[in-house]
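Raw contents of start30.txt, compact mmCIF, C-alpha atoms:
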```txt
# COMPACT_ATOMS: atom_id res chain seq x y z
CA MET A 84 -16.31 -65.60 60.08
CA LEU A 85 -15.91 -61.82 59.85
CA GLU A 86 -12.27 -62.13 60.83
CA ASN A 87 -11.47 -62.61 57.14
CA PRO A 88 -10.64 -59.14 55.76
CA GLU A 89 -11.39 -60.25 52.20
CA LEU A 90 -14.92 -61.20 53.23
CA VAL A 91 -15.41 -57.78 54.86
CA THR A 92 -14.21 -56.13 51.64
CA GLN A 93 -16.62 -58.24 49.59
CA LEU A 94 -19.48 -57.31 51.91
CA SER A 95 -18.55 -53.65 51.51
CA GLY A 96 -18.87 -54.16 47.75
CA VAL A 97 -22.34 -55.68 48.10
CA MET A 98 -23.44 -52.72 50.21
CA SER A 99 -21.87 -50.11 47.96
CA GLU A 100 -23.75 -51.43 44.94
CA ALA A 101 -27.02 -51.16 46.84
CA LEU A 102 -26.59 -47.56 47.99
CA PRO A 103 -29.07 -45.05 46.58
CA ASP A 104 -27.80 -42.10 44.52
CA GLY A 105 -25.95 -39.54 46.60
CA TYR A 106 -25.02 -41.95 49.38
CA SER A 107 -21.47 -43.13 49.88
CA PHE A 108 -19.24 -44.73 52.45
CA ASP A 109 -16.78 -42.04 53.46
CA GLU A 110 -14.64 -44.47 55.43
CA ASP A 111 -13.63 -48.10 55.45
CA PRO A 112 -15.60 -50.07 58.04
CA ALA A 113 -14.20 -50.44 61.54
CA GLU A 114 -14.90 -52.77 64.44
CA ARG A 115 -17.07 -51.06 67.01
CA HIS A 116 -16.82 -53.16 70.15
CA GLY A 117 -17.70 -56.42 68.47
CA SER A 118 -19.60 -55.28 65.39
CA TRP A 119 -18.45 -54.19 61.96
CA GLU A 120 -20.11 -50.90 61.15
CA TRP A 121 -20.60 -49.04 57.88
CA ILE A 122 -22.12 -45.56 57.66
CA ALA A 123 -23.35 -44.29 54.29
CA ALA A 124 -24.38 -40.66 54.46
CA ARG A 125 -25.54 -38.06 51.97
CA SER A 126 -24.85 -34.35 52.20
CA GLY A 127 -28.24 -32.71 52.52
CA SER A 128 -28.80 -29.23 51.11
CA ASP A 129 -30.57 -28.18 54.30
CA GLY A 130 -27.62 -29.05 56.52
CA ILE A 131 -29.14 -32.37 57.59
CA ALA A 132 -27.17 -35.44 56.56
CA PRO A 133 -29.45 -38.47 56.09
CA ALA A 134 -27.60 -41.75 56.55
CA VAL A 135 -27.92 -45.51 56.54
CA VAL A 136 -26.01 -47.40 59.22
CA ILE A 137 -25.29 -51.06 58.57
CA ALA A 138 -23.72 -53.36 61.14
CA LEU A 139 -22.72 -57.00 61.11
CA THR A 140 -22.03 -58.80 64.37
CA ASP A 141 -20.34 -62.17 64.31
CA LEU A 142 -21.90 -64.36 66.98
CA SER A 143 -20.50 -67.63 65.72
CA GLY A 144 -19.94 -70.18 68.44
CA ARG A 145 -16.74 -71.99 69.24
CA ASP A 146 -18.47 -75.25 68.26
CA GLY A 147 -18.30 -74.14 64.64
CA SER A 148 -21.89 -72.94 64.38
CA ALA A 149 -22.04 -69.71 62.42
CA ARG A 150 -24.34 -66.80 63.19
CA VAL A 151 -24.09 -63.24 61.94
CA ASP A 152 -26.57 -60.60 63.05
CA VAL A 153 -27.38 -57.83 60.59
CA ASP A 154 -28.74 -54.48 61.75
CA LEU A 155 -29.77 -51.45 59.75
CA TRP A 156 -30.70 -48.01 61.01
CA ALA A 157 -32.02 -44.91 59.37
CA ALA A 158 -30.21 -41.91 60.76
CA ALA A 159 -29.76 -38.20 60.21
CA ASP A 160 -27.77 -35.51 61.89
CA THR A 161 -26.41 -32.03 61.86
CA ASP A 162 -23.34 -30.96 63.79
CA GLU A 163 -25.57 -30.46 66.82
CA ARG A 164 -28.44 -32.96 66.83
CA PHE A 165 -29.26 -36.42 65.55
CA ILE A 166 -31.76 -39.26 65.25
CA ARG A 167 -31.14 -42.96 64.71
CA LEU A 168 -33.94 -45.49 64.27
CA PRO A 169 -33.66 -49.26 63.87
CA VAL A 170 -35.12 -50.42 60.55
CA ARG A 171 -34.14 -54.06 60.14
CA HIS A 172 -32.64 -56.84 62.24
CA ALA A 173 -31.85 -60.25 60.80
CA GLU A 174 -30.01 -63.31 62.03
CA PHE A 175 -28.06 -65.17 59.37
CA LEU A 176 -27.00 -68.75 59.97
CA PRO A 177 -24.69 -69.24 57.01
CA ALA A 178 -22.95 -72.53 56.31
CA ASP A 179 -19.88 -70.70 55.03
CA GLU A 180 -18.60 -67.34 53.85
CA GLY A 181 -20.08 -67.81 50.39
CA GLN A 182 -23.53 -68.27 51.82
CA LEU A 183 -23.11 -65.19 54.01
CA LEU A 184 -22.36 -63.19 50.87
CA GLU A 185 -25.37 -64.73 49.16
CA LEU A 186 -27.70 -63.94 52.06
CA SER A 187 -26.32 -60.41 52.27
CA SER A 188 -26.81 -59.87 48.54
CA GLU A 189 -30.43 -60.98 48.88
CA MET A 190 -31.33 -59.01 51.99
CA LEU A 191 -29.23 -55.86 52.05
CA PRO A 192 -30.30 -54.01 48.87
CA GLU A 193 -33.96 -53.86 49.88
CA ALA A 194 -33.13 -53.12 53.52
CA ILE A 195 -30.71 -50.33 52.55
CA ARG A 196 -33.31 -48.76 50.27
CA ALA A 197 -35.93 -48.95 53.03
CA ALA A 198 -33.56 -47.34 55.56
CA ALA A 199 -32.62 -44.60 53.11
CA GLU A 200 -36.28 -43.83 52.38
CA ILE A 201 -36.89 -43.31 56.08
CA ALA A 202 -33.69 -41.30 56.50
CA GLU A 203 -34.73 -39.01 53.64
CA ARG A 204 -37.96 -38.15 55.43
CA PHE A 205 -36.26 -36.91 58.62
CA SER A 206 -36.69 -33.20 59.11
CA ASP A 207 -35.06 -30.83 61.53
CA ALA A 208 -37.89 -31.43 64.02
CA ASP A 209 -37.08 -35.15 64.09
CA LEU A 210 -33.51 -34.67 65.31
CA ASN A 211 -34.47 -35.06 68.92
CA GLU A 212 -31.15 -35.95 70.51
CA ALA A 213 -28.36 -33.46 71.07
CA TYR A 214 -24.72 -34.17 70.56
CA ALA A 215 -22.55 -33.29 73.51
CA ARG A 216 -21.10 -29.89 72.84
CA PRO A 217 -17.51 -29.33 73.81
CA SER A 218 -17.18 -27.10 76.80
CA PRO A 219 -15.33 -23.84 76.26
CA ILE A 220 -11.83 -25.03 75.67
CA THR A 221 -9.29 -24.07 78.28
CA HIS A 222 -5.69 -25.08 78.30
CA PRO A 223 -4.34 -24.48 81.77
CA LYS A 224 -1.02 -26.05 80.86
CA THR A 225 -0.66 -24.11 77.62
CA PRO A 226 1.08 -20.76 77.65
CA ASP A 227 -0.74 -17.98 75.82
CA ASP A 228 2.31 -17.30 73.78
CA GLY A 229 5.83 -18.59 73.40
CA SER A 230 4.64 -22.08 72.48
CA ASP A 231 7.73 -22.36 70.29
CA ASP A 232 9.70 -22.76 73.49
CA LEU A 233 8.00 -26.06 74.22
CA PRO A 234 10.02 -29.21 73.54
CA GLU A 235 9.53 -30.93 70.19
CA GLU A 236 7.66 -33.88 71.69
CA SER A 237 5.42 -31.86 73.99
CA PRO A 238 1.75 -32.68 73.40
CA TYR A 239 1.04 -28.99 73.85
CA ARG A 240 3.45 -27.75 71.20
CA TRP A 241 0.71 -27.44 68.62
CA SER A 242 -2.12 -26.91 71.02
CA LEU A 243 -5.34 -25.45 69.84
CA ARG A 244 -5.41 -21.81 70.84
CA PRO A 245 -2.02 -20.58 69.63
CA LEU A 246 -2.37 -22.55 66.41
CA GLN A 247 -5.85 -21.21 65.75
CA ARG A 248 -4.70 -17.66 66.29
CA GLN A 249 -1.96 -18.17 63.71
CA ILE A 250 -4.40 -19.79 61.26
CA LEU A 251 -6.89 -16.93 61.55
CA SER A 252 -4.12 -14.39 61.19
CA LEU A 253 -2.79 -16.06 58.03
CA LEU A 254 -6.28 -16.30 56.51
CA GLU A 255 -6.78 -12.62 57.31
CA GLU A 256 -3.64 -11.77 55.36
CA GLU A 257 -4.01 -14.19 52.47
CA GLY A 258 -7.76 -14.46 52.00
CA GLU A 259 -7.95 -18.15 51.13
CA LEU A 260 -5.61 -21.04 51.86
CA THR A 261 -5.85 -24.82 51.93
CA ILE A 262 -5.15 -26.86 55.04
CA GLU A 263 -1.98 -28.11 53.36
CA GLU A 264 -0.85 -24.56 52.61
CA LEU A 265 -1.59 -23.50 56.18
CA ALA A 266 0.45 -26.40 57.56
CA GLY A 267 3.30 -25.55 55.22
CA ARG A 268 3.30 -21.85 56.06
CA LEU A 269 3.14 -22.50 59.80
CA GLY A 270 5.52 -25.44 59.80
CA ALA A 271 2.91 -27.33 61.80
CA PRO A 272 1.84 -30.99 61.47
CA LEU A 273 -1.01 -31.45 59.00
CA GLU A 274 -3.06 -33.33 61.61
CA ALA A 275 -2.78 -30.50 64.10
CA VAL A 276 -3.86 -27.92 61.52
CA ARG A 277 -6.71 -30.13 60.39
CA GLY A 278 -7.94 -30.51 63.97
CA ALA A 279 -7.64 -26.79 64.65
CA VAL A 280 -9.51 -25.96 61.44
CA GLU A 281 -12.25 -28.45 62.24
CA ASP A 282 -12.80 -26.70 65.55
CA LEU A 283 -12.74 -23.26 63.89
CA ARG A 284 -15.35 -24.45 61.39
CA TRP A 285 -17.50 -25.74 64.23
CA ARG A 286 -17.23 -22.36 65.92
CA GLY A 287 -18.05 -20.56 62.69
CA ASN A 288 -14.73 -18.71 62.47
CA VAL A 289 -13.81 -20.13 59.06
CA VAL A 290 -15.82 -21.42 56.13
CA VAL A 291 -15.00 -23.82 53.34
CA VAL A 292 -14.72 -22.34 49.86
CA GLY A 293 -15.48 -24.75 47.02
CA SER A 294 -14.60 -28.39 47.34
CA GLY A 295 -11.53 -30.56 47.44
CA THR A 296 -9.91 -33.41 49.27
CA ALA A 297 -9.56 -33.22 53.03
CA ALA A 298 -6.16 -31.51 53.01
CA GLY A 299 -6.81 -29.60 49.79
CA VAL A 300 -10.06 -27.96 50.79
CA ARG A 301 -9.90 -24.14 50.63
CA LEU A 302 -10.78 -22.01 53.62
CA ARG A 303 -11.41 -18.39 54.38
CA ARG A 304 -12.36 -16.42 57.47
CA SER A 305 -16.05 -15.93 58.09
CA GLU A 306 -17.45 -12.46 57.55
CA MET B 531 -9.73 -34.54 81.59
CA ILE B 532 -8.88 -34.50 77.88
CA GLU B 533 -9.48 -30.79 77.45
CA ALA B 534 -7.79 -29.97 80.74
CA ASN B 535 -4.70 -31.71 79.40
CA GLY B 536 -4.68 -29.57 76.28
CA GLY B 537 -6.60 -31.91 73.98
CA ARG B 538 -9.76 -31.31 72.05
CA ILE B 539 -12.62 -33.63 71.20
CA ALA B 540 -13.67 -33.57 67.57
CA GLY B 541 -17.34 -33.21 66.72
CA ALA B 542 -19.41 -36.35 66.14
CA THR B 543 -19.71 -35.71 62.41
CA THR B 544 -15.96 -35.42 61.89
CA LEU B 545 -14.90 -38.07 59.39
CA ASP B 546 -12.26 -40.60 60.39
CA HIS B 547 -9.70 -39.26 57.93
CA ASN B 548 -10.08 -35.77 59.38
CA LEU B 549 -9.24 -36.92 62.91
CA GLN B 550 -5.77 -36.06 64.10
CA THR B 551 -3.38 -39.03 64.28
CA ARG B 552 -0.92 -39.04 67.13
CA SER B 553 1.46 -41.42 68.83
CA GLY B 554 0.04 -43.46 71.69
CA SER B 555 2.40 -41.79 74.15
CA LEU B 556 0.90 -38.37 73.37
CA VAL B 557 -2.61 -39.76 73.81
CA ALA B 558 -1.54 -41.39 77.09
CA ALA B 559 -0.39 -37.97 78.32
CA GLU B 560 -3.70 -36.46 77.23
CA LEU B 561 -5.56 -39.15 79.20
CA GLY B 562 -3.43 -38.75 82.30
CA ASN B 563 -2.18 -42.31 81.71
CA ARG B 564 -5.66 -43.76 81.87
CA LEU B 565 -6.37 -46.89 79.83
CA LEU B 566 -8.47 -47.35 76.71
CA LEU B 567 -11.34 -49.83 76.75
CA ARG B 568 -12.38 -52.13 73.96
CA PHE B 569 -15.63 -53.89 74.92
CA LEU B 570 -16.45 -57.26 73.45
CA PRO B 571 -19.35 -59.73 73.39
CA PRO B 572 -18.78 -63.27 74.70
CA SER B 573 -18.54 -64.55 71.12
CA GLN B 574 -15.28 -62.63 70.67
CA LEU B 575 -13.56 -64.03 73.75
CA GLY B 576 -10.08 -65.21 72.86
CA SER B 577 -10.05 -63.43 69.49
CA TYR B 578 -7.60 -60.68 70.36
CA THR B 579 -5.56 -61.93 73.29
CA SER B 580 -2.44 -61.56 71.13
CA GLY B 581 -3.46 -58.16 69.82
CA SER B 582 -5.13 -57.22 66.56
CA CYS B 583 -2.97 -55.42 64.03
CA GLY B 584 -4.15 -54.45 60.57
CA ARG B 585 -7.79 -53.73 61.33
CA LYS B 586 -9.52 -50.64 62.66
CA HIS B 587 -10.94 -50.74 66.18
CA TRP B 588 -12.92 -48.13 68.07
CA VAL B 589 -12.08 -47.78 71.76
CA THR B 590 -13.23 -45.50 74.55
CA PRO B 591 -11.58 -44.07 77.65
CA THR B 592 -14.86 -44.33 79.60
CA PRO B 593 -15.85 -47.38 81.69
CA TYR B 594 -19.49 -48.35 81.11
CA THR B 595 -21.78 -51.11 82.24
CA PRO B 596 -22.81 -53.37 79.34
CA GLN B 597 -26.22 -51.65 79.20
CA ASP B 598 -24.77 -48.15 79.25
CA ALA B 599 -22.12 -49.01 76.66
CA ALA B 600 -24.84 -49.93 74.17
CA VAL B 601 -26.54 -46.56 74.58
CA TRP B 602 -23.61 -44.18 75.02
CA LEU B 603 -21.46 -45.73 72.32
CA ALA B 604 -24.42 -46.30 69.95
CA LEU B 605 -23.46 -49.93 69.61
CA PRO B 606 -24.96 -52.10 66.89
CA ASP B 607 -26.84 -55.21 67.96
CA ALA B 608 -27.43 -53.58 71.34
CA LEU B 609 -29.25 -56.56 72.81
CA ASN B 610 -26.07 -58.57 72.42
CA LEU B 611 -24.45 -57.09 75.52
CA ARG B 612 -20.72 -56.50 75.58
CA THR B 613 -20.08 -58.23 78.86
CA PHE B 614 -16.29 -58.31 78.60
CA VAL B 615 -13.64 -55.68 78.14
CA MET B 616 -10.01 -55.47 77.11
CA LEU B 617 -7.89 -52.81 78.77
CA LEU B 618 -5.31 -51.22 76.48
CA ASP B 619 -2.30 -49.12 77.40
CA PRO B 620 -2.37 -46.26 74.87
CA SER B 621 1.36 -45.64 75.22
CA LYS B 622 1.99 -49.05 73.62
CA ILE B 623 -0.11 -48.32 70.55
CA PRO B 624 1.79 -46.64 67.70
CA ASP B 625 -1.04 -44.64 66.08
CA ILE B 626 -4.25 -43.35 67.62
CA GLN B 627 -6.85 -41.06 66.03
CA GLY B 628 -9.30 -38.85 67.88
CA PRO B 629 -10.81 -38.27 70.32
CA ARG B 630 -14.24 -37.73 68.83
CA TRP B 631 -17.77 -37.60 70.19
CA VAL B 632 -19.58 -40.78 69.15
CA ARG B 633 -21.72 -40.29 66.05
CA TYR B 634 -25.41 -40.94 66.86
CA GLY B 635 -24.37 -41.43 70.49
CA HIS B 636 -23.01 -39.52 73.45
CA GLY B 637 -19.68 -41.02 74.47
CA ILE B 638 -16.08 -40.27 73.56
CA GLU B 639 -14.03 -42.57 71.39
CA TYR B 640 -10.65 -43.00 69.80
CA LEU B 641 -9.90 -44.92 66.60
CA LEU B 642 -7.00 -47.34 66.37
CA PRO B 643 -6.43 -47.17 62.59
CA ASN B 644 -3.95 -50.05 62.61
CA GLY B 645 -5.33 -51.97 65.56
CA PHE B 646 -3.27 -52.69 68.65
CA PRO B 647 -0.28 -54.92 69.45
CA GLY B 648 -0.47 -57.63 72.07
CA ALA B 649 1.97 -55.60 74.18
CA ALA B 650 -0.76 -52.99 74.70
CA LEU B 651 -3.05 -55.44 76.47
CA ILE B 652 -3.17 -55.29 80.25
CA TYR B 653 -3.14 -58.71 81.88
CA PRO B 654 -5.54 -60.49 82.16
CA PRO B 655 -6.46 -59.60 78.61
CA GLU B 656 -10.22 -60.03 79.00
CA LEU B 657 -12.24 -59.00 82.03
CA PRO B 658 -15.93 -59.53 82.75
CA VAL B 659 -18.00 -56.34 83.10
CA SER B 660 -20.99 -56.26 85.38
```

Translate this file's structure into structure tokens.
Amino acid sequence: MLENPELVTQLSGVMSEALPDGYSFDEDPAERHGSWEWIAARSGSDGIAPAVVIALTDLSGRDGSARVDVDLWAAADTDERFIRLPVRHAEFLPADEGQLLELSSEMLPEAIRAAAEIAERFSDADLNEAYARPSPITHPKTPDDGSDDLPEESPYRWSLRPLQRQILSLLEEEGELTIEELAGRLGAPLEAVRGAVEDLRWRGNVVVVGSGTAAGVRLRRSE
Amino acid sequence: MIEANGGRIAGATTLDHNLQTRSGSLVAAELGNRLLLRFLPPSQLGSYTSGSCGRKHWVTPTPYTPQDAAVWLALPDALNLRTFVMLLDPSKIPDIQGPRWVRYGHGIEYLLPNGFPGAALIYPPELPVS
């Protein structure tokens, strides 16, 4: 039943309308090993991002019997720790796609509100699971300098360390630049710069100034 | 493995659109030619044996038991065990995003933003996991 992309889009619409103020889906849903998953998060002022996770799992049988499981979690995280608690589980046995939409419209708004209320109450002390932290990054196959000598298709051409050094050096000179501007100045792929900047932000080497779209966000070196 | 091959794993809170997108052949090199795994519950058997283009799929390079997959990959509907797996050759997949640490979980995952072609499937296309 959930193989119909239009149905998934319609379900996204039902969920979007039910989201509390401040919550939004930052991404289109994706299939996570058999379940469609939506994450609606809110940027918290204290660095904790409360979120509602909604998942639909199609368990319809080959005999034509339809069953869709619905799960909701309240969650919250920082870059380092998280919590995720189940809030609702329901089994829908819809006759057709229309009835699945109907059932979702009836159940999801209240369940989303309930999950968000719980998520809003999470404090720093509740984030009791740690994200795996990347080990100190080493690149044994990456030369410290002279990366320009690497062939065009080498996966190490825009490897992290040399690129990050160039980014920090440019920000030192220019003060503030966007990811797009950095990519343009360095002649590097936007994705590589974005990845390098993400890591620099995680390490606290650069900070975001103001707001903007992903590639247009302005950055400067940390003090 | 990934970091030793020059890659980096994005933080769990990194949004999909901020993940780097690369060709499957570059990701294959990063993984030392290991395969990607897409777990599936019995109800999905036969759904993707010809590939699945045009929809986003999460995959992982790590083999898990069905019970461990639910925990490490923070899978929804965890009691509905993913007892089958598809093995995918990353070099046959045009676009791959990631890797990233799983949000609200502990594993590593890649995103296939445009799905995967049937040519990426290793035969037999679906294997039981115990």

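The two atoms in question, CA of Ala149 in chain A and CA of Leu176 in chain A, are spaced 5.6 Å apart.
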
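Closest approach to Ser118 in chain A among A:Ser206, A:Gln182, A:Thr140, A:Ser99: A:Thr140, based on all atoms listed in the file.
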
Per residue of range 94-191 of chain A within 10 Å of range 581-597 of chain B, which atom pair is closest and at what distance in Å (one decimal), using all atoms listed in the file, listed by chain and increasing number, as JSON lines?
```
{"residue": "A:Asp111", "atom": "CA", "partner": "B:Lys586", "partner_atom": "CA", "distance": 8.7}
{"residue": "A:Pro112", "atom": "CA", "partner": "B:Lys586", "partner_atom": "CA", "distance": 7.7}
{"residue": "A:Ala113", "atom": "CA", "partner": "B:Lys586", "partner_atom": "CA", "distance": 4.8}
{"residue": "A:Glu114", "atom": "CA", "partner": "B:His587", "partner_atom": "CA", "distance": 4.8}
{"residue": "A:Arg115", "atom": "CA", "partner": "B:Trp588", "partner_atom": "CA", "distance": 5.2}
{"residue": "A:His116", "atom": "CA", "partner": "B:Trp588", "partner_atom": "CA", "distance": 6.7}
{"residue": "A:Gly117", "atom": "CA", "partner": "B:His587", "partner_atom": "CA", "distance": 9.1}
{"residue": "A:Ser118", "atom": "CA", "partner": "B:His587", "partner_atom": "CA", "distance": 9.8}
{"residue": "A:Trp119", "atom": "CA", "partner": "B:His587", "partner_atom": "CA", "distance": 9.3}
```

Nearby residues (all atoms listed in the file) at most 7 Å from range 163-173 of chain A, same-chain spacing under 5 positions excluded, as a ChimeraX atom specification: /A:152-158,194,198,209-214 /B:634

Can you write out as a tab-separated table which residues of chain B fall within 8 Å of chain A, alongside each residue's closest atom pair and its distance in Å to one decimal, counting all atoms listed in the file and ordering rows by chain and ascending residue number?
```
residue	atom	partner	partner_atom	distance
B:Glu533	CA	A:Ile220	CA	6.5
B:Ala534	CA	A:His222	CA	5.9
B:Asn535	CA	A:His222	CA	6.8
B:Gly536	CA	A:His222	CA	5.0
B:Gly537	CA	A:Ser242	CA	7.3
B:Arg538	CA	A:Ile220	CA	7.5
B:Ile539	CA	A:Pro217	CA	7.0
B:Ala540	CA	A:Asp282	CA	7.2
B:Gly541	CA	A:Asp162	CA	7.0
B:Ala542	CA	A:Asp162	CA	7.1
B:Thr543	CA	A:Asp162	CA	6.1
B:Thr544	CA	A:Glu281	CA	7.9
B:Leu545	CA	A:Asp109	CA	7.4
B:Asp546	CA	A:Glu110	CA	6.7
B:His547	CA	A:Glu110	CA	7.6
B:Asn548	CA	A:Arg277	CA	6.6
B:Leu549	CA	A:Gly278	CA	6.6
B:Gln550	CA	A:Glu274	CA	4.6
B:Thr551	CA	A:Glu274	CA	6.3
B:Leu556	CA	A:Pro238	CA	5.8
B:Ala559	CA	A:Pro238	CA	7.5
B:Glu560	CA	A:Pro238	CA	7.7
B:Arg568	CA	A:His116	CA	5.9
B:Phe569	CA	A:His116	CA	5.0
B:Leu570	CA	A:Gly117	CA	5.2
B:Pro571	CA	A:Gly117	CA	6.2
B:Ser573	CA	A:Leu142	CA	5.3
B:Gln574	CA	A:Gly117	CA	7.0
B:Arg585	CA	A:Ala113	CA	7.2
B:Lys586	CA	A:Ala113	CA	4.8
B:His587	CA	A:Glu114	CA	4.8
B:Trp588	CA	A:Arg115	CA	5.2
B:Val589	CA	A:His116	CA	7.3
B:Leu605	CA	A:Arg115	CA	7.0
B:Pro606	CA	A:Ala138	CA	6.0
B:Asp607	CA	A:Asp154	CA	6.5
B:Arg612	CA	A:His116	CA	7.5
B:Trp631	CA	A:Ala215	CA	7.2
B:Tyr634	CA	A:Phe165	CA	6.1
B:Gly635	CA	A:Tyr214	CA	7.3
B:His636	CA	A:Ala215	CA	6.2
```
